[in-house]
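A.B. asks: Have a peek at upload23.txt (compact mmCIF, C-alpha atoms).
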```
# COMPACT_ATOMS: atom_id res chain seq x y z
CA MET A 510 99.47 92.51 89.01
CA ALA A 511 100.12 96.12 90.04
CA SER A 512 98.55 97.38 86.82
CA LEU A 513 95.37 95.40 87.44
CA GLU A 514 95.15 96.39 91.10
CA LEU A 515 95.69 100.10 90.44
CA ARG A 516 92.76 100.15 88.00
CA ARG A 517 90.28 98.99 90.63
CA ASN A 518 87.86 101.60 91.98
CA SER A 519 88.20 100.10 95.46
CA ILE A 520 91.95 100.71 95.62
CA ARG A 521 91.59 104.21 94.17
CA SER A 522 89.06 104.99 96.87
CA PHE A 523 91.42 103.54 99.50
CA ALA A 524 94.28 105.67 98.16
CA PHE A 525 92.17 108.83 98.30
CA ASP A 526 91.17 108.08 101.91
CA VAL A 527 94.84 107.60 102.88
CA MET A 528 95.90 110.85 101.20
CA ASN A 529 92.98 112.84 102.55
CA ASN A 530 93.66 111.58 106.08
CA GLU A 531 97.33 112.57 105.78
CA ILE A 532 96.34 116.02 104.48
CA GLN A 533 93.70 116.79 107.10
CA ASN A 534 95.38 115.27 110.16
CA ARG A 535 99.05 116.05 109.51
CA LEU A 536 99.80 118.43 106.63
CA ILE A 537 97.20 121.10 107.46
CA PRO A 538 97.93 121.15 111.24
CA LEU A 539 101.67 121.45 110.49
CA LEU A 540 101.11 124.34 108.07
CA ALA A 541 98.74 126.05 110.54
CA CYS A 542 101.36 125.76 113.27
CA VAL A 543 104.01 127.33 111.02
CA ALA A 544 101.61 130.07 109.84
CA ASN A 545 101.04 131.12 113.47
CA ASN A 546 104.73 132.03 113.69
CA LYS A 547 105.22 134.78 111.10
CA ASP A 548 109.02 134.54 111.17
CA LYS A 549 109.13 130.75 110.83
CA ILE A 550 110.73 129.45 107.62
CA LEU A 551 109.56 126.04 106.39
CA ASP A 552 111.38 123.84 103.89
CA LEU A 553 108.52 122.69 101.67
CA GLN A 554 110.70 120.16 99.85
CA ASP A 555 111.29 118.36 103.15
CA VAL A 556 107.57 118.58 104.01
CA PHE A 557 106.54 117.13 100.64
CA ARG A 558 109.02 114.27 100.99
CA ARG A 559 107.60 113.44 104.39
CA PHE A 560 104.03 113.72 103.11
CA SER A 561 104.60 111.47 100.09
CA PHE A 562 106.64 108.98 102.17
CA ASP A 563 103.78 108.60 104.67
CA CYS A 564 101.23 108.26 101.86
CA ILE A 565 103.14 105.65 99.85
CA CYS A 566 103.93 103.57 102.96
CA ARG A 567 100.32 103.61 104.17
CA PHE A 568 98.88 102.95 100.73
CA SER A 569 101.42 100.40 99.49
CA PHE A 570 102.37 98.57 102.71
CA GLY A 571 99.66 99.36 105.26
CA LEU A 572 102.29 100.76 107.65
CA ASP A 573 102.54 104.33 108.93
CA PRO A 574 106.04 105.85 109.38
CA LYS A 575 104.51 109.10 110.82
CA CYS A 576 107.17 111.29 109.19
CA LEU A 577 104.82 114.30 108.96
CA GLU A 578 103.88 114.53 112.61
CA LEU A 579 104.35 117.99 114.16
CA SER A 580 107.71 117.05 115.68
CA LEU A 581 109.01 116.18 112.16
CA PRO A 582 110.83 113.04 113.37
CA ILE A 583 113.98 111.79 111.67
CA SER A 584 113.51 108.64 109.56
CA GLN A 585 116.63 106.53 109.00
CA PHE A 586 114.82 104.81 106.13
CA ALA A 587 114.21 108.14 104.36
CA ILE A 588 117.75 109.42 105.07
CA SER A 589 119.33 106.24 103.67
CA PHE A 590 117.01 106.38 100.68
CA ASP A 591 118.05 109.96 99.85
CA LEU A 592 121.74 109.16 100.28
CA ALA A 593 121.58 106.03 98.10
CA SER A 594 119.72 107.94 95.38
CA GLN A 595 122.25 110.79 95.45
CA LEU A 596 125.32 108.54 95.44
CA SER A 597 123.91 106.34 92.66
CA ALA A 598 123.35 109.42 90.49
CA LYS A 599 126.84 110.76 91.23
CA ARG A 600 128.35 107.65 89.65
CA ALA A 601 127.42 109.15 86.27
CA MET A 602 129.38 112.33 87.09
CA HIS A 603 132.74 110.52 87.13
CA VAL A 604 134.97 110.93 84.09
CA SER A 605 134.84 107.14 83.66
CA SER A 606 132.84 104.34 85.25
CA ILE A 607 136.19 102.76 86.14
CA VAL A 608 136.53 105.33 88.95
CA TRP A 609 133.47 104.26 90.92
CA LYS A 610 134.06 100.59 90.12
CA ILE A 611 137.54 100.81 91.68
CA LYS A 612 136.01 102.52 94.73
CA ARG A 613 133.44 99.74 94.96
CA PHE A 614 136.10 97.04 94.63
CA PHE A 615 138.16 98.49 97.49
CA ASN A 616 135.03 99.56 99.45
CA ILE A 617 136.19 103.15 99.91
CA GLY A 618 134.77 106.69 99.70
CA SER A 619 131.31 107.20 98.23
CA GLU A 620 130.93 103.52 97.33
CA ARG A 621 131.43 102.52 100.96
CA LYS A 622 128.71 105.00 101.98
CA LEU A 623 126.43 103.69 99.22
CA LYS A 624 126.94 100.08 100.29
CA LYS A 625 126.12 101.00 103.90
CA ALA A 626 122.99 102.93 102.87
CA ILE A 627 121.72 100.10 100.65
CA LYS A 628 122.31 97.57 103.43
CA LEU A 629 120.15 99.63 105.80
CA ILE A 630 117.45 100.10 103.13
CA ASN A 631 117.32 96.33 102.56
CA ILE A 632 117.08 95.63 106.30
CA LEU A 633 114.25 98.14 106.73
CA ALA A 634 112.42 96.90 103.61
CA GLN A 635 112.58 93.34 104.95
CA GLU A 636 111.24 94.64 108.26
CA VAL A 637 108.26 96.10 106.39
CA ILE A 638 107.55 92.64 104.95
CA ARG A 639 108.01 90.99 108.36
CA GLN A 640 105.58 93.42 109.98
CA ARG A 641 103.06 92.81 107.21
CA ARG A 642 103.27 89.04 107.80
CA LYS A 643 102.99 89.55 111.56
CA LEU A 644 99.87 91.74 111.26
CA GLY A 645 98.34 89.48 108.61
CA PHE A 646 97.43 90.48 105.09
CA SER A 647 94.25 88.63 104.13
CA ASN A 648 91.90 91.47 105.14
CA HIS A 649 94.08 94.46 104.26
CA LYS A 650 93.70 96.79 101.27
CA ASP A 651 97.32 97.86 100.77
CA LEU A 652 99.25 96.72 97.67
CA LEU A 653 101.86 94.66 99.51
CA SER A 654 99.12 92.58 101.17
CA ARG A 655 97.60 91.94 97.74
CA PHE A 656 100.96 90.80 96.38
CA MET A 657 101.55 88.54 99.38
CA GLN A 658 98.13 86.93 98.93
CA GLY A 659 99.23 85.89 95.44
CA ASP A 660 102.03 83.61 94.31
CA ILE A 661 104.95 85.88 95.23
CA VAL A 662 106.86 84.22 98.08
CA ASN A 663 110.45 85.16 97.23
CA GLU A 664 111.62 87.52 100.00
CA THR A 665 114.19 89.29 97.81
CA TYR A 666 111.59 89.92 95.12
CA LEU A 667 109.13 91.30 97.68
CA ARG A 668 111.91 93.49 99.10
CA ASP A 669 112.63 94.88 95.62
CA ILE A 670 108.90 95.61 95.15
CA VAL A 671 108.91 97.60 98.40
CA ILE A 672 111.97 99.63 97.34
CA SER A 673 110.66 100.20 93.80
CA PHE A 674 107.31 101.47 95.03
CA LEU A 675 109.02 103.78 97.52
CA LEU A 676 111.28 105.25 94.85
CA ALA A 677 108.41 105.69 92.39
CA GLY A 678 105.79 106.86 94.88
CA ARG A 679 107.77 109.10 97.19
CA ASP A 680 110.49 110.88 95.25
CA THR A 681 108.60 111.72 92.05
CA VAL A 682 105.55 113.17 93.85
CA ALA A 683 107.74 115.17 96.25
CA SER A 684 109.83 116.50 93.35
CA THR A 685 106.75 117.57 91.37
CA SER A 686 105.14 119.18 94.43
CA THR A 687 108.31 121.20 95.14
CA SER A 688 108.58 122.51 91.57
CA LEU A 689 104.87 123.28 91.42
CA PHE A 690 104.87 125.34 94.60
CA TRP A 691 107.99 127.23 93.53
CA LEU A 692 106.16 128.16 90.32
CA LEU A 693 102.97 129.09 92.23
CA ALA A 694 104.95 131.32 94.58
CA GLU A 695 106.49 133.00 91.53
CA ASN A 696 103.08 133.28 89.84
CA PRO A 697 100.48 134.19 92.51
CA ARG A 698 97.80 134.90 89.86
CA VAL A 699 97.86 131.17 88.99
CA ALA A 700 97.40 130.17 92.63
CA GLU A 701 94.45 132.58 92.88
CA ARG A 702 92.87 131.12 89.74
CA ILE A 703 93.11 127.61 91.30
CA ARG A 704 91.23 128.90 94.35
CA GLU A 705 88.57 130.53 92.17
CA GLU A 706 88.03 127.34 90.19
CA ALA A 707 87.72 125.30 93.40
CA ASN A 708 85.07 127.68 94.75
CA GLU A 709 83.16 127.51 91.45
CA VAL A 710 83.27 123.71 91.21
CA LEU A 711 83.17 122.57 94.86
CA GLY A 712 81.50 125.55 96.51
CA LEU A 713 82.95 128.14 98.86
CA ASN A 714 84.84 126.51 101.77
CA GLN A 715 83.59 123.04 100.73
CA GLU A 716 86.05 120.16 101.18
CA LEU A 717 86.99 117.44 98.71
CA THR A 718 85.09 114.27 99.55
CA SER A 719 86.10 111.99 96.65
CA CYS A 720 88.66 111.75 93.87
CA GLU A 721 85.84 112.01 91.30
CA GLN A 722 85.44 115.71 92.17
CA LEU A 723 88.96 116.37 90.93
CA ARG A 724 87.94 115.57 87.35
CA ASP A 725 86.10 118.88 87.01
CA LEU A 726 89.07 120.95 88.17
CA HIS A 727 90.55 121.48 84.72
CA TYR A 728 92.74 124.47 85.53
CA LEU A 729 94.31 122.66 88.49
CA GLN A 730 95.11 119.70 86.22
CA ALA A 731 96.62 122.10 83.67
CA CYS A 732 98.84 123.65 86.36
CA VAL A 733 100.20 120.25 87.41
CA TYR A 734 100.94 119.26 83.80
CA GLU A 735 102.52 122.62 82.96
CA SER A 736 104.72 122.39 86.05
CA MET A 737 105.96 118.96 84.99
CA ARG A 738 106.58 120.20 81.43
CA LEU A 739 109.12 122.70 82.78
CA TYR A 740 110.34 120.64 85.75
CA PRO A 741 109.77 116.90 85.19
CA PRO A 742 110.61 114.79 88.26
CA ILE A 743 112.70 112.46 86.06
CA GLN A 744 114.78 114.85 83.96
CA PHE A 745 116.19 112.21 81.62
CA ASP A 746 115.66 108.49 81.17
CA SER A 747 117.17 105.63 79.17
CA LYS A 748 116.13 102.42 77.47
CA PHE A 749 118.36 99.63 76.20
CA CYS A 750 117.76 98.00 72.82
CA LEU A 751 117.12 94.25 73.15
CA GLU A 752 117.43 93.53 69.41
CA ASP A 753 118.65 95.44 66.34
CA ASP A 754 116.00 98.02 65.51
CA PHE A 755 115.23 101.26 63.69
CA LEU A 756 113.92 104.55 65.08
CA PRO A 757 110.90 106.10 63.26
CA ASP A 758 113.24 108.41 61.29
CA GLY A 759 115.18 105.41 59.96
CA THR A 760 118.14 105.61 62.36
CA PHE A 761 119.63 102.15 62.96
CA VAL A 762 119.94 101.14 66.63
CA LYS A 763 122.24 98.22 67.36
CA LYS A 764 121.35 95.59 69.94
CA GLY A 765 122.56 96.65 73.40
CA THR A 766 122.59 100.37 72.56
CA ARG A 767 121.52 102.77 75.30
CA VAL A 768 118.96 105.31 74.03
CA THR A 769 118.41 108.34 76.28
CA TYR A 770 115.61 110.89 76.05
CA HIS A 771 115.48 114.14 78.02
CA PRO A 772 112.01 115.38 79.14
CA TYR A 773 113.57 118.46 80.81
CA ALA A 774 115.09 119.59 77.50
CA MET A 775 112.04 118.55 75.45
CA GLY A 776 109.80 120.77 77.60
CA ARG A 777 111.93 123.76 76.60
CA MET A 778 112.03 123.16 72.84
CA GLU A 779 110.48 125.98 70.84
CA GLU A 780 109.65 123.67 67.92
CA LEU A 781 107.51 121.55 70.28
CA TRP A 782 105.92 124.19 72.54
CA GLY A 783 106.17 127.48 70.67
CA VAL A 784 107.94 130.77 71.30
CA ASP A 785 106.56 130.96 74.86
CA CYS A 786 108.02 127.56 75.78
CA LEU A 787 109.95 128.97 78.76
CA GLU A 788 106.83 130.55 80.31
CA PHE A 789 104.73 128.90 83.00
CA LYS A 790 101.40 129.03 81.17
CA PRO A 791 98.74 126.52 82.32
CA GLU A 792 96.34 127.94 79.70
CA ARG A 793 98.24 126.03 76.98
CA TRP A 794 96.54 122.86 78.33
CA ILE A 795 92.99 124.29 78.22
CA ASN A 796 90.86 124.17 75.04
CA LYS A 797 88.38 126.83 73.90
CA ASP A 798 85.62 125.17 75.99
CA GLY A 799 87.70 125.54 79.17
CA VAL A 800 88.44 121.80 79.34
CA PHE A 801 91.87 120.24 79.95
CA PHE A 802 93.24 118.28 76.99
CA GLN A 803 96.08 115.75 76.83
CA GLU A 804 99.13 116.24 74.63
CA ASN A 805 100.73 113.41 72.69
CA PRO A 806 102.66 111.39 75.34
CA TYR A 807 105.65 111.13 72.99
CA LYS A 808 105.80 114.94 72.92
CA TYR A 809 105.28 115.03 76.70
CA PRO A 810 106.99 111.86 78.00
CA VAL A 811 106.82 112.76 81.70
CA PHE A 812 104.77 109.60 82.40
CA GLN A 813 106.51 107.68 79.60
CA ALA A 814 104.31 106.27 76.83
CA GLY A 815 102.98 103.13 75.18
CA VAL A 816 103.45 99.87 77.09
CA ARG A 817 105.90 101.59 79.47
CA VAL A 818 103.44 104.24 80.69
CA CYS A 819 103.68 104.92 84.44
CA LEU A 820 101.51 102.48 86.44
CA GLY A 821 100.94 104.99 89.23
CA LYS A 822 100.09 107.96 86.99
CA GLU A 823 96.48 108.39 88.15
CA MET A 824 97.39 107.84 91.81
CA ALA A 825 100.14 110.43 91.60
CA LEU A 826 97.80 112.98 90.00
CA VAL A 827 95.17 112.44 92.69
CA GLU A 828 97.80 112.91 95.41
CA LEU A 829 99.26 116.04 93.78
CA LYS A 830 95.91 117.70 93.09
CA SER A 831 94.35 116.84 96.47
CA MET A 832 97.34 118.17 98.38
CA THR A 833 97.74 121.30 96.25
CA LEU A 834 94.07 122.19 96.49
CA SER A 835 93.86 121.70 100.26
CA PHE A 836 97.06 123.71 100.76
CA LEU A 837 96.12 126.67 98.55
CA ARG A 838 92.57 127.04 99.86
CA ARG A 839 93.91 127.61 103.38
CA PHE A 840 97.34 129.20 102.92
CA HIS A 841 99.42 131.64 100.89
CA VAL A 842 103.02 130.69 100.26
CA GLU A 843 105.88 133.17 99.87
CA LEU A 844 109.48 132.38 98.98
CA ALA A 845 111.82 133.11 101.88
CA HIS A 846 114.55 134.06 99.41
CA PRO A 847 112.80 135.41 96.27
CA SER A 848 114.72 134.85 93.06
CA HIS A 849 113.54 134.70 89.49
CA HIS A 850 116.42 132.47 88.45
CA ILE A 851 115.81 128.86 87.43
CA PRO A 852 116.33 126.60 90.49
CA ARG A 853 119.57 124.66 90.85
CA PHE A 854 119.24 120.90 91.25
CA SER A 855 121.14 118.40 93.41
CA PRO A 856 122.39 115.09 91.97
CA GLY A 857 119.78 112.37 92.38
CA LEU A 858 117.65 109.83 90.55
CA THR A 859 114.82 112.36 90.71
CA ALA A 860 115.01 116.15 90.50
CA SER A 861 115.50 117.91 93.84
CA PHE A 862 116.14 121.58 94.61
CA CYS A 863 119.61 122.35 95.89
CA GLY A 864 119.02 123.91 99.32
CA GLY A 865 115.36 122.85 99.49
CA LEU A 866 112.42 125.23 99.11
CA PRO A 867 112.39 127.63 102.11
CA VAL A 868 109.08 129.53 102.36
CA PHE A 869 106.85 131.56 104.63
CA VAL A 870 103.31 130.21 105.07
CA ARG A 871 100.43 132.64 105.67
CA GLU A 872 96.92 131.55 106.61
CA ILE A 873 94.06 132.81 104.41
CA LYS A 874 91.22 134.37 106.38
CA SER A 875 88.08 132.36 105.64
CA THR A 876 85.12 134.07 103.99
CA THR A 877 81.52 133.04 104.47
```
Can I see the file as structure tokens?
C.D. replies:
Amino acid sequence: MASLELRRNSIRSFAFDVMNNEIQNRLIPLLACVANNKDKILDLQDVFRRFSFDCICRFSFGLDPKCLELSLPISQFAISFDLASQLSAKRAMHVSSIVWKIKRFFNIGSERKLKKAIKLINILAQEVIRQRRKLGFSNHKDLLSRFMQGDIVNETYLRDIVISFLLAGRDTVASTSTSLFWLLAENPRVAERIREEANEVLGLNQELTSCEQLRDLHYLQACVYESMRLYPPIQFDSKFCLEDDFLPDGTFVKKGTRVTYHPYAMGRMEELWGVDCLEFKPERWINKDGVFFQENPYKYPVFQAGVRVCLGKEMALVELKSMTLSFLRRFHVELAHPSHHIPRFSPGLTASFCGGLPVFVREIKSTT
């Protein structure tokens, strides 16, 4: 159902309107406010989490959490979500799974915190559903309303849909945005080339008015893909074998076996990407005609591949490119603590920078 809905032009147009509204009415005013204070340090990772949380809630559920308002309010939903993600990932860091299972059995330590966080997430997710029923869903464009108009009546199933969409739509986009802007701050020539392309394609100081305009911004697309090659939001992923099978090279895989692949490592393999594999080089995605070209998804499994390809891929790209373009055409970004070392990551289901991404924001003087 989600796959069919996300292919519709009407829902893509609705998604663009939601994102554009969030950019123009919240993100840009916040950045302008920070830029007016030259000594103000802004954590872009926190800003991107708030931005993507607002967008996914408005688009998927028709409800606005207002996390990106100028006051930067605290969201218990978002805090519990981050904690549950972090604690779930830390289970894998134990010497043995027996450790966390014992903690869970006795309801102590990190497992007690995880249980409490999940309980709050479930309560808030059910409140989202209750509010949607209260407001009615027959004339609304959001995804949850479309699900509720169908045959899905099971409250637990609807709750799990809400949580799944939040995890997929908030954390991955925020993670990619954070990595991208760290790379842009480290490579200002790339940021300038994005601005130049936008002026050539859209016109000087002209705003985006539809997602169709993004298709001609090939260098911007290349930057997003190159960023995710080096810093994929999901650094490794696993599948479980349902029946005995063989990998393409003939390796036997027994039923029940866990098979893990590692996009973070794959993006740094010289045999896949060449001797310059560690360089941030968007040009590797541009052909001789200046047009973006796709790599084999099994070489670049950031969005997965085949029947498991990410349902929200196109939505995520529209959100990333719209936000990046609007940001860069108005502001410069400088790292508050410049360092050319590879960022350190915190435990989590998606990649997140340890310590956030503290930056200075400087407004670009408009030219006419």
A.B. asks: Please compute the atom CA of A:Leu592-atom CA of A:Lys625 distance, one decimal, in Å.
C.D. replies: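 Answer for the atom CA of A:Leu592 to atom CA of A:Lys625 separation: 9.9 Å.
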A.B. asks: I'd like the contact shell of stretch 543-546 of chain A - 7 Å cut-off, all atoms listed in the file, skipping same-chain residues fewer than 5 positions apart - returned as number ranges by chain.
C.D. replies: A: 870-872
A.B. asks: Got a sec: who's within 9 Å of stretch 637-648 of chain A, counting only C-alpha atoms, leaving out chain neighbours fewer than 3 positions off, as a PyMOL selection string?
C.D. replies: chain A and resi 570-572+632-634+651+653-655+657-658+664+667-668+671
A.B. asks: Rank A:Pro772, A:Gly712, A:Gly857, A:Pro582 by their smallest atom-to-atom distance to A:Val811, using all atoms listed in the file, and report the top residue only.
C.D. replies: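 Of A:Pro772, A:Gly712, A:Gly857, A:Pro582, the one nearest A:Val811 is A:Pro772, counting all atoms listed in the file.
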A.B. asks: Skip A:Phe840 itself and residues of its chain fewer than 6 positions away, then list as a list in words all residues within 12 Å of it, counting all atoms listed in the file.
C.D. replies: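 The residues satisfying every condition are Leu536, Ile537, Pro538, Leu539, Leu540, Ala541, Cys542, Val543, Ala544, Asn545, Phe690, Ala694, Pro697, Ala700, Glu701, Arg704, Met832, Thr833, Leu834, Val868, Phe869, Val870, Arg871, Glu872, Ile873, Lys874 and Ser875 of chain A.
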A.B. asks: Which of these residues is nearest to A:Gln722, using all atoms listed in the file: A:Phe674, A:Lys830, A:Ser589, A:Ile743?
C.D. replies: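 Closest to A:Gln722 of all the choices is A:Lys830.
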A.B. asks: Taking only C-alpha atoms into account, which of A:Val608, A:Cys566, A:Ala845, A:Leu652 comes nearest A:Leu513?
C.D. replies: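 So, comparing all the options, the nearest one is A:Leu652.
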A.B. asks: I need the residue nearest A:Asp746 from this list: A:His771, A:Arg613, A:Lys764, A:Arg777. Use only C-alpha atoms for the distance.
C.D. replies: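 Smallest distance to A:Asp746 is found for A:His771.
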A.B. asks: I'd like the interatomic distance between atom CA of A:Val800 and atom CA of A:Leu717, to a tenth of an Å.
C.D. replies: 19.9 Å
A.B. asks: Neighbours of A:Ala774 within 12 Å (only C-alpha atoms; same-chain residues fewer than 4 positions away dropped), as a PyMOL selection string?
C.D. replies: chain A and resi 737-741+743-746+769-770+778-782+786-787+808-811
A.B. asks: Counting all atoms listed in the file, select every polymer residue within 12 Å of (84.9, 126.9, 92.7) as defined in the file's coordinates, and provide the selection as a list in words.
C.D. replies: Glu701, Arg702, Ile703, Arg704, Glu705, Glu706, Ala707, Asn708, Glu709, Val710, Leu711, Gly712, Leu713, Asn714, Gln715, Glu716, Leu717, Gln722, Leu723, Asp725, Leu726, His727, Tyr728, Leu729, Leu834 and Arg838 of chain A
A.B. asks: Between atom CA of A:Ser561 and atom CA of A:Tyr734, what distance in Å does the model show, to one decimal?
C.D. replies: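 Atom-to-atom, atom CA of A:Ser561 and atom CA of A:Tyr734 are spaced 18.4 Å apart.
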A.B. asks: If I only want stretch 763-775 of chain A, can you write it with N, CA, C and O atoms, as a PDB file, in the first residue's frame?
C.D. replies:
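result-v5.pdb written:
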```pdb
ATOM      1  N   LYS A 763      22.993 -21.594   4.847  1.00  0.00           N
ATOM      2  CA  LYS A 763      22.015 -22.465   5.505  1.00  0.00           C
ATOM      3  C   LYS A 763      20.798 -21.672   5.981  1.00  0.00           C
ATOM      4  O   LYS A 763      20.911 -20.500   6.342  1.00  0.00           O
ATOM      5  N   LYS A 764      19.659 -22.303   5.955  1.00  0.00           N
ATOM      6  CA  LYS A 764      18.431 -21.694   6.455  1.00  0.00           C
ATOM      7  C   LYS A 764      18.639 -21.136   7.853  1.00  0.00           C
ATOM      8  O   LYS A 764      19.224 -21.792   8.724  1.00  0.00           O
ATOM      9  N   GLY A 765      18.179 -19.878   8.081  1.00  0.00           N
ATOM     10  CA  GLY A 765      18.317 -19.248   9.384  1.00  0.00           C
ATOM     11  C   GLY A 765      19.595 -18.453   9.560  1.00  0.00           C
ATOM     12  O   GLY A 765      19.763 -17.764  10.575  1.00  0.00           O
ATOM     13  N   THR A 766      20.500 -18.534   8.583  1.00  0.00           N
ATOM     14  CA  THR A 766      21.772 -17.814   8.685  1.00  0.00           C
ATOM     15  C   THR A 766      21.554 -16.304   8.552  1.00  0.00           C
ATOM     16  O   THR A 766      20.763 -15.847   7.728  1.00  0.00           O
ATOM     17  N   ARG A 767      22.275 -15.551   9.369  1.00  0.00           N
ATOM     18  CA  ARG A 767      22.248 -14.094   9.258  1.00  0.00           C
ATOM     19  C   ARG A 767      23.360 -13.657   8.306  1.00  0.00           C
ATOM     20  O   ARG A 767      24.523 -14.004   8.498  1.00  0.00           O
ATOM     21  N   VAL A 768      22.997 -12.912   7.275  1.00  0.00           N
ATOM     22  CA  VAL A 768      23.965 -12.411   6.291  1.00  0.00           C
ATOM     23  C   VAL A 768      24.019 -10.889   6.419  1.00  0.00           C
ATOM     24  O   VAL A 768      23.006 -10.211   6.244  1.00  0.00           O
ATOM     25  N   THR A 769      25.191 -10.362   6.739  1.00  0.00           N
ATOM     26  CA  THR A 769      25.359  -8.924   6.963  1.00  0.00           C
ATOM     27  C   THR A 769      26.197  -8.303   5.852  1.00  0.00           C
ATOM     28  O   THR A 769      27.206  -8.877   5.437  1.00  0.00           O
ATOM     29  N   TYR A 770      25.765  -7.171   5.369  1.00  0.00           N
ATOM     30  CA  TYR A 770      26.567  -6.403   4.408  1.00  0.00           C
ATOM     31  C   TYR A 770      26.826  -5.020   5.009  1.00  0.00           C
ATOM     32  O   TYR A 770      26.079  -4.554   5.869  1.00  0.00           O
ATOM     33  N   HIS A 771      27.910  -4.363   4.558  1.00  0.00           N
ATOM     34  CA  HIS A 771      28.415  -3.179   5.244  1.00  0.00           C
ATOM     35  C   HIS A 771      28.632  -2.033   4.247  1.00  0.00           C
ATOM     36  O   HIS A 771      29.742  -1.849   3.724  1.00  0.00           O
ATOM     37  N   PRO A 772      27.577  -1.230   3.955  1.00  0.00           N
ATOM     38  CA  PRO A 772      27.722  -0.126   3.005  1.00  0.00           C
ATOM     39  C   PRO A 772      28.845   0.856   3.355  1.00  0.00           C
ATOM     40  O   PRO A 772      29.498   1.402   2.459  1.00  0.00           O
ATOM     41  N   TYR A 773      29.087   1.085   4.651  1.00  0.00           N
ATOM     42  CA  TYR A 773      30.160   2.016   5.060  1.00  0.00           C
ATOM     43  C   TYR A 773      31.513   1.504   4.564  1.00  0.00           C
ATOM     44  O   TYR A 773      32.319   2.266   4.022  1.00  0.00           O
ATOM     45  N   ALA A 774      31.764   0.211   4.746  1.00  0.00           N
ATOM     46  CA  ALA A 774      33.031  -0.372   4.293  1.00  0.00           C
ATOM     47  C   ALA A 774      33.076  -0.461   2.766  1.00  0.00           C
ATOM     48  O   ALA A 774      34.112  -0.172   2.144  1.00  0.00           O
ATOM     49  N   MET A 775      31.960  -0.832   2.153  1.00  0.00           N
ATOM     50  CA  MET A 775      31.914  -0.974   0.694  1.00  0.00           C
ATOM     51  C   MET A 775      32.235   0.343  -0.009  1.00  0.00           C
ATOM     52  O   MET A 775      32.864   0.365  -1.069  1.00  0.00           O
TER      53      MET A 775
END
```
